Every structure is written in structure tokens, then in C-alpha cells.
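> Following this message is one structure expressed as C-alpha cells.
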Amino acid sequence: MKRSFFIRRFCFRNKMLFILLLVEIVSIGVAYPRICNTMNQPDSAYIFSYATSKNNNRNGLHFAWSLDRKNWHPIGPEYSYLRCDYGRWGAEKRMISPFLILAPDGLWHCVWSVNERDGVLAHATSSDLVHWRRQSYPIVIKDKNCLEPEISYDDQAKLFKINWLSVSADKDTLIYSSATKDFKSFAPTTPSLLTRNFNKRVCAIVSGMPEEGTIHKTSWETIDCLIKKSKLAAYENILKGENTKEDPERFAALKGVNASITIDATKSKPISDMLIGAFFEDINYAADGGLYAELIQNRDFEYALSDKEGQDPRWNSYYAWSLIGNGASFVVDTINPIHPNNPHYAILDIQKVGAGLVNTGFDGIAIKSGEGYNFSIFARMLSGKKGSLRVRLIGKKGEHYGEALIKSVSSTWKKYKATIIAKEDISDARLEIIPLSVGRIALDMISLFPKKTFHNRQNGLRADLAQAIADIHPRFVRFPGGCVAHGDGIGNIYRWKNTVGALESRKPQRNLWGYHQTVGLGYFEYFQFCEDIGATALPVIAAGVPCQNSATGGAGQQGGIPMCDMDSYVQDILDLIEYANGDKSTKWGKLRAQSGHPKPFNLKYIGIGNEDLITDIFEERFTLIFNTIKEKHPEITVIGTVGPTYEGTDYDEGWAIATKLKVPMVDEHYYQSPGWFIHNQDYYDKYDRSKSKVYLGEYAAHLPGRPNNLETALAEALYLTAVERNGDVVSMASYAPLLAKEKHTQWNPDLIYFNNTEVKPTVGYYVQQMYGCNAGNEYLSNQVVLSNNDESVRLRVGVSVVRDEKSSDIIIKLVNMLPVKVSTQLNLEGSASLMQSMAKRTVLTAESPSDKLVTPVSDSCDINNKIQLSPYSFTIIRLNTKKQ
């Protein structure tokens, strides 16, 4: 465990003291099992390993113990020591019929089935049954399934022998066999001569239920360690489950707290000046229909049924488009497109003038009176005379809100432009295109942008959303994901080259989150946005493997780009660096210049991988990419990945690779409850400063079934005081996800919600903004003395003090997650340059921690007086130390 004293943190009722003492012993026992052994315990016992069918076999590996092989005692009882990570979210990630053996080298080997379809053998090893190493999913049989696998060890051949059942479509059952030395390479699969029940899987009654698994005799020390692990996990869940609803009881006797905070400006350490950033991923319609200012949905007629995996039969090339008027037909063709990357286009056959096409936009098209909208279209006449197009913004009943005319459409593809001035404020207008002559006309890349985009960029961003991000004052922006970056299967990996250049040449694709991405918001626009807001660009590239939650490509995330193709893939990454940093004489620097940015973007960071399943396949590809960038571009900081959460196999294995390769920084992710953030404020205090730095790339405090509110925001603010204290090892941090369009969310909660006309920052947004606007590059030593030193009180008062070298300001961040006021006295030492007592104060607070609509308020305060921290509040005090 990370700390044996973990349990001393939680005490809000005296009657729990005895329980706490027991848990103290338990936690020590996990870290040092021999301490807890006593003379009356057996030397050995039997252990039964199994997986229940609950939750569709998704509960993982369980254990029970027995002295007589008859009376079984469940450990947990539903604690999962090993969970399968094969397949997509939801109904996948199943562990079916696990089988366990102890090999002569002292390693436990576990194999299991992943589903009823795939010929995949899942495998993992452990030295103690508590900590499990990498999972692998080798395909042992093609076009058949692999059910109820069992393994044995052949001492003479020094091989693991594997047998499993395969059930054909006509219900015929056959047994197959293979063998391996290392679970990496396998002997050819052959039909087995064995009969059914070929090994040691048995039935045992656990908690009154028959379960099937394996039985082994093992040391009591091993079983004791399993028991203590499950008990400690149960206790940690108690801590994670803490929330403010319990505060009236937890703090019933607490009337108020006095705090003395002594700040010694002579004792300091440098911390990262890049700490607060933004993470953008195209999830929740964050790009198309969101930050990307395009108002036309399916502008390229490239929507496909595969985008939504059959969820919506209307989701095809015709989506969001419909005919208006009589005497016309509308089809989508692919015979002679503008560009091969955009093969679909519309053909209108007009027999009677007045008919045309209508687009509904993304939940309608929002327009403002008096403002201009840039319309563009590719068109060519297929038959009939050269005609014109009338373009209108209309209402649901045909009301006209503005129009423009495109004249003389030629017989070859050509781009046409016009400007429409809106006559009224409308939230749900539509775009109407009416050919003014009879004949057949082809149309594609139909676009409508507000003239007023962020920084007035062509192909730009929605101004109010972009400004909301800019107002956080992020030091960096990570893009394009998240899971989007490495995609659903190898073919869905996000390729940066498909997102630059002319819009008609960009290659759209399915979004892993279940919709379409035009990539109109591509790498050029990402880099440009970073530059516009003064943030460092942080692109994230797939590590040669798809998302560990892939459902595409046979074994899903187990696959990787074939090694024979990896040199080309690595070259793509080197080309990205050239695109960002090369001068105009280089191939890719020239393309950037042609797009309107002759100067380099000054790329400094590249992330490789995202929450990946750390397998041999991943390590091989990541190592190749990392070593090549290190050799070719030592000036670029590569950021590795250590899985999707703060502990577990991927975390341990990812850190092991980072340490071995000396990766300069790793990307950590965790979404946890407010209780977790409260009780893990020392998380980074123990990190080895000689190893990789940390980018906390995704984090958020979540309450099940509840939105982002003051409680979750204060938990994040409290935790960030600890992150700032550890700013010498944590270099960057970004909340996730950033954006969510109302009625189109795949993930909740998010930082900023929006619709077509409104931007709705959450209370968590204001925490990020308050940190972003009050960053420092130097952490000042401070001591906090509370009048009530109970652990439950101390953990809910957070303090961080930094100095900003640019302004010389001293910035004090104070978090009070208690239901009572904290009366604070500031004592500054070693600050002879402090010439005034008045300071700027910003406070985020509300009457209830469940409040969602909370915004910060600023005023001035005298630091010589006691400063009152309201219940459930986040306060920032900014002291100007320059002589006035």
C-alpha cells in the first residue's frame, strides 16, 4: 500500500475509534503481513478462485478460503482482485470461468474466457494474488470461440499446456489444445484427445451459492494478505463515500475554527508555471456543433450509419437535409467528387423552380440581427443552363431572415461565396438553397459561418465558447483527446495529416463517442487557438495502439499497428513536429505557411498514448516512438501514459516503462468522489523527485447521479492546493471533460455546458479560472495551526501560497470545506517588501454545498485583520509586494 497510516485520517464519531484501531492493524498487515500473524493461525489452508455470473460476469476474480475444502469463507465477498479489461465499455470486459495455477517459478497464472464469440485466451500473472501484472489476450483459435480454458504445467517439456472448449454455431462442442512457454508465442492449435472435465475446475458452495473454479493449498500468509487487502479496500470505500450530506452529523459539535497561517517568504521552492491548462476532446459534441463555428450539419454529406453503430437508421449521407417544394428529387452520389477524401455529394434534379434543399443545422441555426454570416458552397451544373442559387435563412414556417444570391454556376466544380445579413435574433433558423433554373446540379461542402468568430479567424471557432476557455487562462491546451486520439480500432486512430489543408481535402471519420467528426477543427486550428490565447500546444498521438476500450478489430485493444508499418507511423509523428516547427523551406512547414501561418508554432510537448492497456504490444510501439523522438528531436518533451486511474496494473506497468526509458513526464488520470480527493491530499508528497514529472491530464470530482456543484468544485480546489504544493513534480493539470452540448452528452459532469445561444460555466469552471488567473512559479513555505486539530477538520482546510515572479504578487489560496466559518490570521515573515496591508480578495461560496449556480465575487481586505472564510468556500487573496 502507499501508506500504512492511511486510516488515521477518518474520525467523525467517537464510537468509530475502535473500528479505526482495527483498520490500523489491517492496513499495517497489508503492507507488512507478518506483523499480523499469530500463533493460533494455520500454516496453510485451501483457497478457491472463481468469478460470479453477477453483472454479466463483469465482477472479476474472487477468492474464498477453507480449512477442510467443505466450509468456504468468501473474501470480500464481492471484492475483485483482478478484472478483465477486454472489449468495450458496458456489457463487455467480462471474466468468464477463470482458471488458476501456481507455476514452479512461484508465479500464479490466471486464464479465462472473455465472451462467447472470440477465440481469445485472456491471461495475467501475480506473485501474491493481490498485485497482478499485464493482461494479454492472444488469439489461440480463429473463427471459433475459446470457452472454459484450463492450463497445466509440463515439468519435462517446460511448457504450459492449454485446453479449451469451442462450441460451433450448430452447438457441436470440441476440445482444442495448444502450448506455450511464455504466453507470447503458442504452438499450433490442434483438436485435443482429452474428454470433458479434463482438469481441476470444481464446484464449491460459497455463501450458499454453487460456484465453479479452482482449489489450491497455499500458505496462510497468502490468504491473510488477501483478507487484509479486501478489508482495507472496504475501508477506503468508506472514505471515498464521504460527502457533505453527512456533515451535520459529522461536525455537530463544531462551532467554529480559528486558523493561524504563517508564511515564510524566505523559504520557497520553484514550481511549474504551466500548472493549470485545458483539455479539449471532441466528446459531447464539443467540436462540430460546438467550439467549431460551422453552422451546417453534415455539410459534406459524409455521415454514415457506421458513425452511430446502428443506433439511428437515419444517420446517413442525407442526415439533416431535406427537400422543400415540389418538382424536385435529391440523391447522394460518389461518381465525380471534389476530392477522394470526401466522396459523397448531393445531386438536385429540379423540374420546377422553387424546390430546393434545407439544412436544420445542429438543433437549429442560431443567428443574431444585423450580423453577417459567410456562406460558401462547391457546385457544378450537370445539365441545363448556367443557373443561380438563392440562399436563405428561414424559420420553421418559412419566414425569411436573410438571403444571398450565387450567380452563374459553371459545369465544373467551383467554390462560391456570399454573405447573409440576419434580420432577426433566431435560435432555430434553417438554411434553404433554391436553384433558380431547371436542371441537375451537384452540391457539396455547404457551409455557413458567423463572420464574428474568435479572433475573426477564417474557418474559426465559436467566439463565446472559445472566450470561456481563454478566460481560464490555461497555460496549455491538450488536444484532440482523450479516447478520440487513439480511436476505436486501428483504422479509427486520429491521423493529424487528415485534418490539415483545404477543408475539402480533409478526411472525416467516425468519432469514437458515436457521431461524425468533419475535422474542420483540425491540427492547424488547434495550434492557432493555442497561439491566440497564449497557451502552449500539447497534441496527443496514439502510441501505435487503439483505445483500450475498442470494440473494433477482432481482439480490440490487444491489436496494434503492425510493426512493419510502424516506421511509417513514426515518420508521421516526425512530420507533425516539422509541420509545427519547420521553416517554410520544409515540406510540412510549407503546408503550414500555405494555410496562413508562415512562422513556426513552437511545439514543445507531445503526448504519446492515452489511458492505454499496458501490454507487450503497447510497450514495443511506445518504445520505438519515444526513442525516435528522443534521438531526432531532443528538444521535444514526450509525455507517456500510465493508464486510466491512480492505481492498478496499468498504472504500475506504465510507471515501470517510464522509469526504464527515463520518460520525462507521464500522464495520470483519475475521476473520483469528493471523499477521495479529501483523503488523498498527500498523494504526490511521496513521489520520487528523481523520476518522471507528472501531467495530471484528466481529473474531476464526481458525485453519483449528481451534477457538478459547489461540493465537487471545492473538493477539486482543496486537492489543487496539494497539487500546487507539489508543483515541483506535477508540471501540468487539466480538468476533463471540458465541453458538453446540452442534450448531446456522452459523459457527465463536464466543465462548461452550452447550447446554440448560451454558454453555461459550472462552479467547477470558476475553480479552474481562479487557479488559472492566480498561478505562480514559486511555492512559499507555510505553516497552518488550527484551533481544532481533529483529522476530519484538518483535511477540510486547504492552504497554498505561491509567488508570481512577473507581478511579484504573493497569492494565498484558502479552501474551507467545513460547514462552519474559519477565522484566519495571516502572519507573513521575510516579506520586508510588503508595503501595504490591503489585498484583492476573490471568494467562491454559497449557502449549500449542493448549489450549482455559484460565481466568484471580488473585493478588498486588510490582511492585518482576521479574514473570515465562509462555510464551504474557496478564497484567493492576492498581495502586491511592489512599493507603491
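Within each chain, counting starts at residue 1; across the C-alpha cells, chains are named A, B, ... in the order shown, with ligands numbered 1 upward in that order.
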Counting only C-alpha atoms, what is within 7 Å of segment 466-470 of chain A, bar same-chain residues fewer than 6 positions away, as a list in words?
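Listing them by chain and then by number gives Leu291, Phe454 and Ile533 of chain A.
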> Can you list, as a list in words, every protein, DNA or RNA residue that comes within 7 Å of segment 251-267 of chain A when you count only C-alpha atoms, leaving out same-chain residues fewer than 5 positions away?
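In the requested format, the answer is Leu780, Ser781, Asn782, Gln783, Val784, Val785, Leu786, Ser787, Asn788, Val820, Lys821, Val822, Ser823, Thr824, Gln825, Leu826, Asn827, Leu828, Glu829, Gly830 and Ser831 of chain A.
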> Now that the selection is made, can you save its residues with N, CA, C and O atoms as a compact mmCIF listing (two decimals), in the first residue's frame?

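What follows is the written file out.txt:
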# COMPACT_ATOMS: atom_id res chain seq x y z
N LEU A 780 5.72 29.09 -1.56
CA LEU A 780 6.26 29.65 -0.33
C LEU A 780 5.91 28.76 0.85
O LEU A 780 4.78 28.28 0.98
N SER A 781 6.88 28.54 1.71
CA SER A 781 6.68 27.72 2.91
C SER A 781 5.59 28.34 3.78
O SER A 781 5.53 29.57 3.98
N ASN A 782 4.70 27.50 4.31
CA ASN A 782 3.64 27.99 5.20
C ASN A 782 3.28 26.92 6.21
O ASN A 782 3.36 25.73 5.93
N GLN A 783 2.92 27.39 7.40
CA GLN A 783 2.50 26.51 8.48
C GLN A 783 1.09 26.90 8.90
O GLN A 783 0.80 28.08 9.10
N VAL A 784 0.23 25.90 9.06
CA VAL A 784 -1.15 26.14 9.42
C VAL A 784 -1.42 25.50 10.78
O VAL A 784 -1.17 24.31 10.97
N VAL A 785 -1.89 26.31 11.72
CA VAL A 785 -2.25 25.80 13.04
C VAL A 785 -3.74 26.07 13.25
O VAL A 785 -4.19 27.22 13.18
N LEU A 786 -4.49 25.00 13.48
CA LEU A 786 -5.93 25.11 13.69
C LEU A 786 -6.27 24.95 15.16
O LEU A 786 -5.62 24.19 15.89
N SER A 787 -7.31 25.64 15.60
CA SER A 787 -7.74 25.52 16.99
C SER A 787 -8.35 24.14 17.26
O SER A 787 -8.37 23.67 18.39
N ASN A 788 -8.81 23.50 16.23
CA ASN A 788 -9.33 22.13 16.33
C ASN A 788 -8.48 21.27 15.40
O ASN A 788 -8.51 21.43 14.19
N VAL A 820 -18.74 25.33 8.97
CA VAL A 820 -18.61 26.46 9.88
C VAL A 820 -17.55 27.43 9.36
O VAL A 820 -16.73 27.07 8.51
N LYS A 821 -17.56 28.64 9.88
CA LYS A 821 -16.57 29.63 9.49
C LYS A 821 -15.20 29.25 10.03
O LYS A 821 -15.07 28.64 11.09
N VAL A 822 -14.17 29.65 9.28
CA VAL A 822 -12.80 29.54 9.74
C VAL A 822 -12.24 30.95 9.83
O VAL A 822 -12.15 31.66 8.83
N SER A 823 -11.91 31.36 11.05
CA SER A 823 -11.37 32.70 11.28
C SER A 823 -9.86 32.63 11.14
O SER A 823 -9.18 31.97 11.92
N THR A 824 -9.33 33.32 10.14
CA THR A 824 -7.94 33.14 9.73
C THR A 824 -7.10 34.37 10.02
O THR A 824 -7.49 35.50 9.67
N GLN A 825 -5.95 34.15 10.65
CA GLN A 825 -4.97 35.20 10.86
C GLN A 825 -3.74 34.90 10.02
O GLN A 825 -3.13 33.83 10.15
N LEU A 826 -3.39 35.83 9.13
CA LEU A 826 -2.21 35.66 8.29
C LEU A 826 -1.00 36.29 8.95
O LEU A 826 -1.06 37.44 9.42
N ASN A 827 0.10 35.55 8.98
CA ASN A 827 1.36 36.05 9.53
C ASN A 827 2.43 35.88 8.48
O ASN A 827 2.79 34.77 8.10
N LEU A 828 2.95 37.01 7.99
CA LEU A 828 3.96 36.96 6.94
C LEU A 828 5.33 37.25 7.52
O LEU A 828 5.54 38.25 8.22
N GLU A 829 6.26 36.35 7.23
CA GLU A 829 7.64 36.51 7.66
C GLU A 829 8.54 36.63 6.44
O GLU A 829 8.29 36.02 5.41
N GLY A 830 9.60 37.41 6.59
CA GLY A 830 10.55 37.55 5.50
C GLY A 830 10.02 38.29 4.30
O GLY A 830 10.47 38.09 3.19
N SER A 831 9.00 39.13 4.49
CA SER A 831 8.41 39.88 3.39
C SER A 831 8.57 41.37 3.64
O SER A 831 7.60 42.11 3.76
> Identify, on the basis of only C-alpha atoms, every residue whose closest approach to segment 57-60 of chain A does not exceed 10 Å; exclude the query and any residue fewer than 3 positions from it along the same chain; express the result as a count of residues only.
24
> Write out, as a tab-separated table, each residue of segment 716-809 of chain A that has an atom at most 12 Å from segment 696-706 of chain A, together with the closest pair of atoms and their distance in Å to one decimal, counting only C-alpha atoms, rows going by chain and rising number.

residue	atom	partner	partner_atom	distance
A:Glu716	CA	A:Ala701	CA	6.4
A:Ala717	CA	A:Ala701	CA	10.1
A:Leu718	CA	A:Ala701	CA	10.9
A:Tyr719	CA	A:Ala701	CA	9.8
A:Leu720	CA	A:Leu696	CA	10.8
A:Val723	CA	A:Leu696	CA	9.3
A:Glu724	CA	A:Leu696	CA	11.8
A:Asn726	CA	A:Leu696	CA	11.8
A:Gly727	CA	A:Leu696	CA	11.1
A:Val729	CA	A:Leu696	CA	10.6
A:Val730	CA	A:Leu696	CA	7.2
A:Ser731	CA	A:Leu696	CA	8.1
A:Met732	CA	A:Leu696	CA	6.0
A:Ala733	CA	A:Leu696	CA	4.4
A:Ser734	CA	A:Gly697	CA	5.2
A:Tyr735	CA	A:Tyr699	CA	5.2
A:Ala736	CA	A:Glu698	CA	5.1
A:Pro737	CA	A:Glu698	CA	7.6
A:Leu738	CA	A:Glu698	CA	9.9
A:Trp747	CA	A:His702	CA	11.3
A:Asn748	CA	A:His702	CA	8.7
A:Pro749	CA	A:His702	CA	7.3
A:Asp750	CA	A:Ala700	CA	8.7
A:Leu751	CA	A:Ala700	CA	9.2
A:Gly764	CA	A:Ala700	CA	9.0
A:Tyr765	CA	A:Ala700	CA	11.1
A:Val767	CA	A:Ala700	CA	11.7
A:Gln768	CA	A:Ala700	CA	11.1
> What's around Arg796 of chain A at 9 Å? Count only C-alpha atoms, leave out sequence neighbours fewer than 4 positions away in its own chain, and write the answer as a ChimeraX atom specification.
/A:678,715,718,791-792,815-818
> Please, could you write that set of residues out with N, CA and C atoms as a PDB file, in the first residue's frame?

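Contents of the output file out-v2.pdb:
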ATOM      1  N   ILE A 678     -10.483  14.464  -0.801  1.00  0.00           N
ATOM      2  CA  ILE A 678     -10.228  14.933   0.561  1.00  0.00           C
ATOM      3  C   ILE A 678      -9.153  14.082   1.229  1.00  0.00           C
ATOM      4  N   ALA A 715     -13.927  20.241  -3.541  1.00  0.00           N
ATOM      5  CA  ALA A 715     -13.034  19.086  -3.424  1.00  0.00           C
ATOM      6  C   ALA A 715     -11.870  19.224  -4.400  1.00  0.00           C
ATOM      7  N   LEU A 718      -9.592  22.052  -3.122  1.00  0.00           N
ATOM      8  CA  LEU A 718      -8.813  21.545  -1.987  1.00  0.00           C
ATOM      9  C   LEU A 718      -7.653  20.701  -2.484  1.00  0.00           C
ATOM     10  N   GLU A 791      -8.426  15.208  12.745  1.00  0.00           N
ATOM     11  CA  GLU A 791      -8.079  14.906  11.357  1.00  0.00           C
ATOM     12  C   GLU A 791      -9.195  15.284  10.404  1.00  0.00           C
ATOM     13  N   SER A 792     -10.435  15.028  10.808  1.00  0.00           N
ATOM     14  CA  SER A 792     -11.568  15.321   9.942  1.00  0.00           C
ATOM     15  C   SER A 792     -11.699  16.816   9.680  1.00  0.00           C
ATOM     16  N   VAL A 815      -9.055  27.123   1.187  1.00  0.00           N
ATOM     17  CA  VAL A 815     -10.259  26.333   0.954  1.00  0.00           C
ATOM     18  C   VAL A 815     -10.829  25.894   2.293  1.00  0.00           C
ATOM     19  N   ASN A 816     -12.113  26.146   2.476  1.00  0.00           N
ATOM     20  CA  ASN A 816     -12.818  25.719   3.681  1.00  0.00           C
ATOM     21  C   ASN A 816     -13.971  24.813   3.270  1.00  0.00           C
ATOM     22  N   MET A 817     -13.814  23.512   3.489  1.00  0.00           N
ATOM     23  CA  MET A 817     -14.883  22.553   3.186  1.00  0.00           C
ATOM     24  C   MET A 817     -15.648  22.163   4.438  1.00  0.00           C
ATOM     25  N   LEU A 818     -15.579  22.993   5.456  1.00  0.00           N
ATOM     26  CA  LEU A 818     -16.324  22.765   6.696  1.00  0.00           C
ATOM     27  C   LEU A 818     -17.655  23.513   6.662  1.00  0.00           C
TER      28      LEU A 818
END
> From the set A:Val409, A:Cys564, A:Leu503, A:Ala287, which residue has the shortest atom-to-atom contact distance to His744 of chain A, counting only C-alpha atoms?
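Closest to His744 of chain A of all the choices is A:Ala287.
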> From the DSSP assignment of the backbone, select every residue of segment 287-397 of chain A that is helix (DSSP H, G or I), and format the answer as a PyMOL selection string.
chain A and resi 305-308
> Dump N, CA and C atoms for the selected residues as a PDB file, in the first residue's frame?

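As a result, out34.pdb now contains:
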ATOM      1  N   LEU A 305     -23.899   5.342 -41.531  1.00  0.00           N
ATOM      2  CA  LEU A 305     -24.536   4.521 -40.495  1.00  0.00           C
ATOM      3  C   LEU A 305     -23.522   4.025 -39.479  1.00  0.00           C
ATOM      4  N   SER A 306     -22.301   3.761 -39.924  1.00  0.00           N
ATOM      5  CA  SER A 306     -21.267   3.249 -39.018  1.00  0.00           C
ATOM      6  C   SER A 306     -20.871   4.262 -37.959  1.00  0.00           C
ATOM      7  N   ASP A 307     -21.161   5.559 -38.185  1.00  0.00           N
ATOM      8  CA  ASP A 307     -20.841   6.569 -37.173  1.00  0.00           C
ATOM      9  C   ASP A 307     -21.520   6.256 -35.845  1.00  0.00           C
ATOM     10  N   LYS A 308     -22.750   5.801 -35.932  1.00  0.00           N
ATOM     11  CA  LYS A 308     -23.540   5.558 -34.728  1.00  0.00           C
ATOM     12  C   LYS A 308     -23.774   4.069 -34.461  1.00  0.00           C
TER      13      LYS A 308
END
> Applying 8 Å and only C-alpha atoms, which residues near segment 359-374 of chain A remain after dropping the ones on its own chain fewer than 4 positions away? List them as a VMD selection string.
chain A and resid 289 295 to 297 320 to 322 417 to 432 447 to 452 756 to 757
> Using only C-alpha atoms, which protein or nucleic acid residues come within 10 Å of Thr222 of chain A? Drop anything in the same chain fewer than 6 positions from it, and give the result as number ranges by chain.
A: 33, 44-45, 47, 127-130
